[in-house]
file start.txt (compact mmCIF, C-alpha atoms)
# COMPACT_ATOMS: atom_id res chain seq x y z
CA SER M 1 108.64 109.40 104.64
CA ASN M 2 109.01 106.00 103.00
CA TYR M 3 105.63 104.57 104.01
CA VAL M 4 102.05 105.60 104.61
CA ASP M 5 99.62 104.16 107.14
CA TYR M 6 96.02 104.51 106.08
CA ARG M 7 92.64 102.87 106.33
CA LEU M 8 90.30 102.80 103.36
CA VAL M 9 86.64 102.00 103.99
CA MET M 10 84.50 101.18 100.99
CA GLN M 11 82.08 98.67 99.50
CA ARG M 12 83.59 95.60 97.82
CA GLN M 13 83.80 96.07 94.05
CA PRO M 14 83.50 93.32 91.42
CA ASN M 15 86.93 91.85 90.55
CA GLN M 16 88.59 93.98 93.24
CA ASP M 17 92.17 92.94 93.96
CA GLY M 18 95.49 94.50 94.85
CA ALA M 19 97.90 95.30 97.68
CA CYS M 20 95.11 95.05 100.26
CA GLY M 21 93.94 91.68 98.95
CA ASN M 22 90.82 90.64 97.10
CA PHE M 23 88.31 91.18 99.92
CA ASN M 24 87.00 87.63 99.87
CA GLY M 25 87.52 87.28 103.63
CA GLU M 26 90.36 84.75 103.30
CA ALA M 27 93.72 86.17 104.40
CA SER M 28 95.53 83.06 103.13
CA ASP M 29 95.23 84.22 99.50
CA ASP M 30 96.31 87.82 100.17
CA SER M 31 100.08 87.26 100.38
CA THR M 32 102.32 89.33 98.13
CA ALA M 33 103.07 86.24 96.04
CA ALA M 34 99.36 85.42 95.65
CA VAL M 35 98.46 88.98 94.63
CA PHE M 36 101.38 89.14 92.15
CA SER M 37 100.27 85.83 90.63
CA ARG M 38 96.77 87.24 90.06
CA ILE M 39 97.47 90.80 88.94
CA GLY M 40 101.24 91.26 88.61
CA ALA M 41 103.77 93.41 90.42
CA ARG M 42 102.91 96.76 88.82
CA VAL M 43 99.71 98.55 87.88
CA PRO M 44 99.29 98.36 84.08
CA SER M 45 99.91 101.71 82.35
CA GLY M 46 96.29 101.99 81.22
CA GLN M 47 95.05 101.72 84.82
CA LEU M 48 97.32 104.29 86.50
CA LEU M 49 95.57 107.00 88.52
CA PHE M 50 98.31 109.52 87.71
CA ASN M 51 99.94 110.52 84.41
CA ASP M 52 103.42 109.29 85.31
CA ARG M 53 104.89 106.56 87.46
CA ALA M 54 106.78 107.74 90.51
CA GLN M 55 110.54 107.31 90.28
CA VAL M 56 111.47 104.67 92.82
CA GLY M 57 114.92 104.66 94.36
CA PHE M 58 116.78 102.64 96.94
CA THR M 59 118.15 104.76 99.79
CA ASP M 60 121.50 104.38 101.51
CA VAL M 61 119.67 103.20 104.64
CA GLU M 62 117.82 100.54 102.66
CA LYS M 63 121.13 99.39 101.16
CA LYS M 64 122.59 99.15 104.68
CA LEU M 65 119.57 97.16 105.87
CA MET M 66 120.13 94.71 103.02
CA THR M 67 123.65 94.05 104.33
CA MET M 68 122.08 93.03 107.66
CA CYS M 69 119.70 90.49 106.12
CA GLU M 70 120.66 86.95 107.14
CA PRO M 71 122.57 85.32 104.22
CA GLU M 72 120.15 82.37 104.01
CA THR M 73 117.14 84.71 103.99
CA LEU M 74 118.79 86.96 101.41
CA SER M 75 119.45 83.97 99.14
CA LYS M 76 115.83 82.82 99.46
CA ALA M 77 114.71 86.40 98.83
CA GLN M 78 116.68 86.64 95.61
CA SER M 79 115.42 83.37 94.17
CA GLY M 80 111.86 83.97 95.40
CA CYS M 81 111.72 87.50 94.00
CA GLU M 82 113.15 86.41 90.65
CA GLU M 83 110.45 83.74 90.47
CA MET M 84 107.67 86.09 91.59
CA LEU M 85 108.62 88.92 89.22
CA LYS M 86 109.56 86.87 86.14
CA GLY M 87 106.05 86.76 84.70
CA ARG M 88 106.11 90.52 84.12
CA GLY M 89 109.22 90.74 81.99
CA SER M 90 112.65 91.55 83.31
CA PRO M 91 112.34 93.25 86.73
CA SER M 92 114.38 96.38 87.31
CA ARG M 93 117.18 96.41 89.87
CA VAL M 94 115.05 98.58 92.20
CA GLU M 95 112.09 96.20 91.88
CA MET M 96 114.33 93.28 92.81
CA GLN M 97 115.93 95.15 95.71
CA SER M 98 112.54 96.30 97.01
CA CYS M 99 111.14 92.79 96.83
CA MET M 100 114.20 91.38 98.61
CA LEU M 101 113.96 94.05 101.33
CA ASP M 102 110.32 93.06 101.85
CA VAL M 103 111.34 89.41 102.24
CA CYS M 104 114.14 90.23 104.67
CA TYR M 105 112.09 92.59 106.84
CA GLY M 106 108.49 91.81 105.96
CA ALA M 107 107.52 91.13 109.58
CA ASN M 108 108.62 94.65 110.56
CA GLU M 109 106.03 97.13 109.28
CA HIS M 110 108.28 100.11 109.81
CA VAL M 111 111.80 98.90 109.16
CA LEU M 112 113.03 102.45 108.60
CA LYS M 113 111.94 103.32 112.14
CA LEU M 114 114.16 100.42 113.21
CA ALA M 115 117.00 101.90 111.19
CA LYS M 116 116.50 105.30 112.78
CA SER M 117 116.46 103.71 116.24
CA MET M 118 119.89 102.28 115.42
CA GLY M 119 121.18 105.76 114.70
CA TRP M 120 121.20 105.49 110.90
CA THR M 121 120.28 108.64 109.05
CA ASP M 122 120.32 109.94 105.54
CA ASN M 123 118.53 112.67 103.68
CA SER M 124 115.68 110.32 102.77
CA LEU M 125 114.53 109.79 106.38
CA HIS M 126 112.03 112.15 107.93
CA ALA M 127 110.56 112.32 111.43
call {"tool": "encode", "arguments": {"input": "start.txt", "output": "structure tokens"}}
result
Amino acid sequence: SNYVDYRLVMQRQPNQDGACGNFNGEASDDSTAAVFSRIGARVPSGQLLFNDRAQVGFTDVEKKLMTMCEPETLSKAQSGCEEMLKGRGSPSRVEMQSCMLDVCYGANEHVLKLAKSMGWTDNSLHA
């Protein structure tokens, strides 16, 4: 599967921030761009929970979805992602593609379910 749905219940921690926001009760500062501006796009090596970073790839289905992104949205995605990721060095191709896919389909939580509903399959999709 290419996503995980989960709910984490815990007490707010000092300086807590990340993909779920900063838990200050204001959703307006929890956008991807806002979080990246505060803490960056990747977890620093010294703060990883595991010994190695997972190898991230871009599937054939994700590549196909990118071809369906509206040209104007795709252009905005490229410039926006370059701007958002530039503060952390040179982003990898997969980081750029992943960011752009998020911009193109960010309103669809489960875009791969959409792809499957359109009859697209590849070895990376699971039920």
call {"tool": "closest_residue", "arguments": {"input": "start.txt", "among": "M:Phe36, M:Phe58, M:Phe23, M:Tyr6", "to": "Leu85 of chain M", "atoms": "all atoms listed in the file"}}
result
M:Phe36
call {"tool": "atom_distance", "arguments": {"input": "start.txt", "atom1": "atom CA of Arg53 of chain M", "atom2": "atom CA of Thr67 of chain M"}}
result
28.2 Å
call {"tool": "closest_residue", "arguments": {"input": "start.txt", "among": "M:Leu49, M:Cys81, M:Cys69, M:Met10", "to": "Val94 of chain M", "atoms": "all atoms listed in the file"}}
result
M:Cys81
call {"tool": "atom_distance", "arguments": {"input": "start.txt", "atom1": "atom CA of Glu26 of chain M", "atom2": "atom CA of Gly40 of chain M"}}
result
19.4 Å
call {"tool": "axis_aligned_box", "arguments": {"input": "start.txt", "around": "segment 59-72 of chain M", "padding_each_side": "3 Å", "output": "lines of an AutoDock Vina configuration file"}}
result
center_x = 120.7
center_y = 93.6
center_z = 103.7
size_x = 11.8
size_y = 28.4
size_z = 13.9
call {"tool": "atom_distance", "arguments": {"input": "start.txt", "atom1": "atom CA of Arg7 of chain M", "atom2": "atom CA of Gly21 of chain M"}}
result
13.5 Å
call {"tool": "closest_residue", "arguments": {"input": "start.txt", "among": "M:Met96, M:Ala41, M:Ala19, M:Cys104", "to": "Lys76 of chain M", "atoms": "only C-alpha atoms"}}
result
M:Cys104
call {"tool": "residues_near_point", "arguments": {"input": "start.txt", "point": "(106.0, 83.1, 89.0)", "cutoff": "10 Å", "atoms": "all atoms listed in the file", "output": "PyMOL selection string"}}
result
chain M and resi 33-34+36-37+40+80-88
call {"tool": "closest_residue", "arguments": {"input": "start.txt", "among": "M:Ala77, M:Met66, M:Ile39, M:Val103", "to": "Asn22 of chain M", "atoms": "all atoms listed in the file"}}
result
M:Ile39
call {"tool": "closest_residue", "arguments": {"input": "start.txt", "among": "M:Lys64, M:Gly46, M:Ser75, M:Thr32", "to": "Asp102 of chain M", "atoms": "all atoms listed in the file"}}
result
M:Thr32
call {"tool": "decode", "arguments": {"input": "start.txt", "residues": "segment 57-88 of chain M", "atoms": "C-alpha atoms", "output": "compact mmCIF listing (two decimals), in the first residue's frame"}}
result
# COMPACT_ATOMS: atom_id res chain seq x y z
CA GLY M 57 10.34 5.43 -5.58
CA PHE M 58 7.81 6.76 -8.04
CA THR M 59 5.51 4.06 -9.42
CA ASP M 60 4.26 3.72 -12.98
CA VAL M 61 0.76 4.62 -11.76
CA GLU M 62 2.06 7.78 -10.09
CA LYS M 63 3.86 8.70 -13.33
CA LYS M 64 0.60 8.19 -15.23
CA LEU M 65 -1.28 10.35 -12.73
CA MET M 66 1.26 13.12 -13.29
CA THR M 67 0.40 13.11 -17.00
CA MET M 68 -3.23 13.78 -16.04
CA CYS M 69 -2.43 16.82 -13.90
CA GLU M 70 -3.76 20.00 -15.51
CA PRO M 71 -0.85 21.81 -17.25
CA GLU M 72 -1.40 25.04 -15.31
CA THR M 73 -1.51 23.16 -12.00
CA LEU M 74 1.58 21.14 -12.95
CA SER M 75 3.49 24.33 -13.77
CA LYS M 76 2.49 25.88 -10.43
CA ALA M 77 3.43 22.62 -8.71
CA GLN M 78 6.91 22.63 -10.21
CA SER M 79 7.69 26.23 -9.28
CA GLY M 80 6.04 25.91 -5.85
CA CYS M 81 7.87 22.70 -5.01
CA GLU M 82 11.21 24.10 -6.15
CA GLU M 83 10.63 27.10 -3.89
CA MET M 84 9.44 24.99 -0.94
CA LEU M 85 12.29 22.47 -1.15
CA LYS M 86 15.17 24.83 -2.00
CA GLY M 87 16.05 25.62 1.61
CA ARG M 88 17.14 22.03 2.19
